[in-house]
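Taking it in order: structure first as structure tokens, then the write-up.
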Amino acid sequence: MAMTPEAKVKKQVVEQLKALNAYYFFPATGGYGKSGVPDIVGCYEGNFFGIECKAGKNTPTALQEMQLKEITNSKGIALVINEKNIESVAQILTGRYIHPDQMEMF
């Protein structure tokens, strides 16, 4: 069976998390869970993170945005990752990410 575009994004995110030895899991939200929880949640060096994986032009739903905002308000790291920014996951979690607007042109 072929992988969906979103599954490919998730796979690449997991590869980075494994390389960092980060603790992570895919929460099951049915039944007693909380709707809108990010696709992947975990902890790296004492920092809680939630990662919502999207593909193509897909964007988080209003409920997913609300959960990501709650994570941020609690001083956690909330990310929306797609094919365009997938390489930034490890950089953000390790504090080595520099936003393109902050880079000096040489």
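Chain lettering (A, B, ...) mirrors the order of the structure tokens, residue numbering begins at 1 for each chain separately, and ligand numbering begins at 1 in order of display.
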query = Residues at most 7 Å from A:Val80, counting only C-alpha atoms, excluding those fewer than 5 positions away in the same chain, as a list in words?
reply = Ile51, Glu52 and Cys53 of chain A
Given the selection you just returned, output its residues as a file containing C-alpha atoms, formatted as a PDB file, in the first residue's frame.
```pdb
ATOM      1  CA  ILE A  51       3.830  18.442  16.074  1.00  0.00           C
ATOM      2  CA  GLU A  52       0.931  18.644  13.636  1.00  0.00           C
ATOM      3  CA  CYS A  53       1.916  17.108  10.300  1.00  0.00           C
TER       4      CYS A  53
END
```
key: Surrounding residues of A:Asp39 excluding itself and chain neighbours under 5 positions, 12 Å, only C-alpha atoms, as a PyMOL selection string   = chain A and resi 6-7+9-11+13-14+24-29+34+49-54+60+64+67-68+78-81
Atoms kept (N, CA and C atoms) for selection, written as an mmCIF file, in the first residue's frame:
```cif
data_model
loop_
_atom_site.group_PDB
_atom_site.id
_atom_site.type_symbol
_atom_site.label_atom_id
_atom_site.label_comp_id
_atom_site.auth_asym_id
_atom_site.auth_seq_id
_atom_site.Cartn_x
_atom_site.Cartn_y
_atom_site.Cartn_z
ATOM 1 N N GLU A 6 0.821 12.838 3.788
ATOM 2 C CA GLU A 6 0.969 13.180 5.206
ATOM 3 C C GLU A 6 1.763 12.109 5.950
ATOM 4 N N ALA A 7 1.563 10.852 5.598
ATOM 5 C CA ALA A 7 2.323 9.766 6.231
ATOM 6 C C ALA A 7 3.810 9.903 5.925
ATOM 7 N N VAL A 9 5.382 12.759 5.514
ATOM 8 C CA VAL A 9 5.853 13.837 6.385
ATOM 9 C C VAL A 9 6.079 13.281 7.794
ATOM 10 N N LYS A 10 5.105 12.532 8.300
ATOM 11 C CA LYS A 10 5.233 11.947 9.641
ATOM 12 C C LYS A 10 6.466 11.054 9.737
ATOM 13 N N LYS A 11 6.708 10.258 8.711
ATOM 14 C CA LYS A 11 7.864 9.356 8.716
ATOM 15 C C LYS A 11 9.173 10.144 8.818
ATOM 16 N N VAL A 13 9.543 13.183 10.059
ATOM 17 C CA VAL A 13 9.608 13.798 11.387
ATOM 18 C C VAL A 13 10.097 12.764 12.396
ATOM 19 N N VAL A 14 9.547 11.556 12.352
ATOM 20 C CA VAL A 14 9.938 10.492 13.281
ATOM 21 C C VAL A 14 11.418 10.149 13.128
ATOM 22 N N TYR A 24 8.651 10.379 22.187
ATOM 23 C CA TYR A 24 7.490 10.834 21.417
ATOM 24 C C TYR A 24 6.479 9.699 21.286
ATOM 25 N N PHE A 25 5.254 10.077 20.960
ATOM 26 C CA PHE A 25 4.220 9.079 20.660
ATOM 27 C C PHE A 25 3.144 9.719 19.800
ATOM 28 N N PHE A 26 2.321 8.854 19.221
ATOM 29 C CA PHE A 26 1.179 9.269 18.425
ATOM 30 C C PHE A 26 -0.058 9.073 19.299
ATOM 31 N N PRO A 27 -0.653 10.149 19.817
ATOM 32 C CA PRO A 27 -1.787 9.979 20.725
ATOM 33 C C PRO A 27 -3.043 9.476 20.011
ATOM 34 N N ALA A 28 -3.757 8.597 20.683
ATOM 35 C CA ALA A 28 -5.058 8.135 20.189
ATOM 36 C C ALA A 28 -6.112 9.032 20.825
ATOM 37 N N THR A 29 -6.866 9.734 20.012
ATOM 38 C CA THR A 29 -7.798 10.726 20.557
ATOM 39 C C THR A 29 -9.239 10.255 20.586
ATOM 40 N N LYS A 34 -8.560 13.747 23.757
ATOM 41 C CA LYS A 34 -8.874 15.152 23.532
ATOM 42 C C LYS A 34 -8.779 15.425 22.031
ATOM 43 N N PHE A 49 6.770 19.027 23.361
ATOM 44 C CA PHE A 49 6.450 19.495 22.014
ATOM 45 C C PHE A 49 5.228 18.772 21.470
ATOM 46 N N GLY A 50 4.538 19.460 20.581
ATOM 47 C CA GLY A 50 3.429 18.902 19.826
ATOM 48 C C GLY A 50 3.650 19.236 18.362
ATOM 49 N N ILE A 51 3.571 18.234 17.499
ATOM 50 C CA ILE A 51 3.830 18.442 16.074
ATOM 51 C C ILE A 51 2.609 18.000 15.275
ATOM 52 N N GLU A 52 2.033 18.933 14.553
ATOM 53 C CA GLU A 52 0.931 18.644 13.636
ATOM 54 C C GLU A 52 1.543 18.510 12.250
ATOM 55 N N CYS A 53 1.346 17.371 11.618
ATOM 56 C CA CYS A 53 1.916 17.108 10.300
ATOM 57 C C CYS A 53 0.861 17.325 9.222
ATOM 58 N N LYS A 54 1.226 18.066 8.211
ATOM 59 C CA LYS A 54 0.338 18.353 7.090
ATOM 60 C C LYS A 54 1.090 18.109 5.796
ATOM 61 N N PRO A 60 -3.894 23.292 9.563
ATOM 62 C CA PRO A 60 -4.575 22.781 10.757
ATOM 63 C C PRO A 60 -6.019 23.276 10.833
ATOM 64 N N GLN A 64 -7.363 22.049 15.958
ATOM 65 C CA GLN A 64 -5.920 21.784 16.040
ATOM 66 C C GLN A 64 -5.162 23.068 16.374
ATOM 67 N N GLN A 67 -5.435 23.717 20.080
ATOM 68 C CA GLN A 67 -4.551 22.863 20.881
ATOM 69 C C GLN A 67 -3.099 23.325 20.777
ATOM 70 N N LEU A 68 -2.659 23.703 19.574
ATOM 71 C CA LEU A 68 -1.290 24.193 19.394
ATOM 72 C C LEU A 68 -1.071 25.475 20.198
ATOM 73 N N ALA A 78 5.117 24.148 19.837
ATOM 74 C CA ALA A 78 4.042 23.700 18.956
ATOM 75 C C ALA A 78 4.461 23.957 17.516
ATOM 76 N N LEU A 79 4.451 22.907 16.707
ATOM 77 C CA LEU A 79 4.906 23.020 15.323
ATOM 78 C C LEU A 79 3.870 22.493 14.355
ATOM 79 N N VAL A 80 3.771 23.156 13.208
ATOM 80 C CA VAL A 80 3.028 22.629 12.068
ATOM 81 C C VAL A 80 4.087 22.359 11.016
ATOM 82 N N ILE A 81 4.236 21.094 10.658
ATOM 83 C CA ILE A 81 5.306 20.681 9.758
ATOM 84 C C ILE A 81 4.710 20.132 8.463
#
```
key: Neighbour list for A:Gln16 as a PyMOL selection string, cut-off 12 Å, only C-alpha atoms, skip fewer than 5 positions in-chain   = chain A and resi 9-11+21-24+44+86-94
Next, the residues of the selection above should be written as a PDB file, in the first residue's frame with N, CA and C atoms.
```
ATOM      1  N   VAL A   9       5.382  12.759   5.514  1.00  0.00           N
ATOM      2  CA  VAL A   9       5.853  13.837   6.385  1.00  0.00           C
ATOM      3  C   VAL A   9       6.079  13.281   7.794  1.00  0.00           C
ATOM      4  N   LYS A  10       5.105  12.532   8.300  1.00  0.00           N
ATOM      5  CA  LYS A  10       5.233  11.947   9.641  1.00  0.00           C
ATOM      6  C   LYS A  10       6.466  11.054   9.737  1.00  0.00           C
ATOM      7  N   LYS A  11       6.708  10.258   8.711  1.00  0.00           N
ATOM      8  CA  LYS A  11       7.864   9.356   8.716  1.00  0.00           C
ATOM      9  C   LYS A  11       9.173  10.144   8.818  1.00  0.00           C
ATOM     10  N   ASN A  21      17.015  10.974  19.844  1.00  0.00           N
ATOM     11  CA  ASN A  21      16.636  10.186  21.010  1.00  0.00           C
ATOM     12  C   ASN A  21      15.556  10.879  21.832  1.00  0.00           C
ATOM     13  N   ALA A  22      14.638  11.546  21.136  1.00  0.00           N
ATOM     14  CA  ALA A  22      13.528  12.231  21.791  1.00  0.00           C
ATOM     15  C   ALA A  22      12.453  11.223  22.172  1.00  0.00           C
ATOM     16  N   TYR A  23      11.749  11.494  23.255  1.00  0.00           N
ATOM     17  CA  TYR A  23      10.585  10.700  23.621  1.00  0.00           C
ATOM     18  C   TYR A  23       9.404  11.258  22.839  1.00  0.00           C
ATOM     19  N   TYR A  24       8.651  10.379  22.187  1.00  0.00           N
ATOM     20  CA  TYR A  24       7.490  10.834  21.417  1.00  0.00           C
ATOM     21  C   TYR A  24       6.479   9.699  21.286  1.00  0.00           C
ATOM     22  N   TYR A  44      11.746  16.585  24.549  1.00  0.00           N
ATOM     23  CA  TYR A  44      13.156  16.534  24.201  1.00  0.00           C
ATOM     24  C   TYR A  44      13.909  17.483  25.116  1.00  0.00           C
ATOM     25  N   ILE A  86      10.097  20.668   6.777  1.00  0.00           N
ATOM     26  CA  ILE A  86      10.352  19.410   7.490  1.00  0.00           C
ATOM     27  C   ILE A  86      11.781  19.314   8.048  1.00  0.00           C
ATOM     28  N   GLU A  87      12.722  19.923   7.374  1.00  0.00           N
ATOM     29  CA  GLU A  87      14.121  19.854   7.827  1.00  0.00           C
ATOM     30  C   GLU A  87      14.370  20.671   9.087  1.00  0.00           C
ATOM     31  N   SER A  88      13.417  21.504   9.493  1.00  0.00           N
ATOM     32  CA  SER A  88      13.630  22.372  10.650  1.00  0.00           C
ATOM     33  C   SER A  88      13.274  21.719  11.985  1.00  0.00           C
ATOM     34  N   VAL A  89      12.668  20.538  11.982  1.00  0.00           N
ATOM     35  CA  VAL A  89      12.230  19.911  13.233  1.00  0.00           C
ATOM     36  C   VAL A  89      13.388  19.762  14.220  1.00  0.00           C
ATOM     37  N   ALA A  90      14.445  19.080  13.830  1.00  0.00           N
ATOM     38  CA  ALA A  90      15.583  18.864  14.741  1.00  0.00           C
ATOM     39  C   ALA A  90      16.236  20.187  15.126  1.00  0.00           C
ATOM     40  N   GLN A  91      16.313  21.111  14.176  1.00  0.00           N
ATOM     41  CA  GLN A  91      16.923  22.414  14.473  1.00  0.00           C
ATOM     42  C   GLN A  91      16.114  23.179  15.517  1.00  0.00           C
ATOM     43  N   ILE A  92      14.799  23.146  15.402  1.00  0.00           N
ATOM     44  CA  ILE A  92      13.954  23.850  16.370  1.00  0.00           C
ATOM     45  C   ILE A  92      14.067  23.199  17.741  1.00  0.00           C
ATOM     46  N   LEU A  93      13.979  21.883  17.793  1.00  0.00           N
ATOM     47  CA  LEU A  93      14.023  21.203  19.091  1.00  0.00           C
ATOM     48  C   LEU A  93      15.374  21.344  19.783  1.00  0.00           C
ATOM     49  N   THR A  94      16.443  21.479  19.026  1.00  0.00           N
ATOM     50  CA  THR A  94      17.767  21.634  19.634  1.00  0.00           C
ATOM     51  C   THR A  94      18.152  23.096  19.822  1.00  0.00           C
TER      52      THR A  94
END
```
key: Picked from chain A by DSSP as strand (DSSP E or B), as an MDAnalysis selection string   = chainID A and resid 23:25 40:44 47:53 77:81
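The spacing separating atom CA of A:Glu83 from atom CA of A:Gly56 amounts to 7.3 Å.
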inquiry  = Considering only helix (DSSP H, G or I) as DSSP defines it on the backbone, what residues of stretch 7-73 of chain A qualify? List them as an MDAnalysis selection string.
reply    = chainID A and resid 7:20 62:73
request  = May I ask for the distance between atom CA of A:Leu20 and atom CA of A:Glu45, given in Å to one decimal place?
outcome  = 9.6 Å
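Here atom CA of A:Leu63 is placed at a distance of 22.7 Å from atom CA of A:Asn47.
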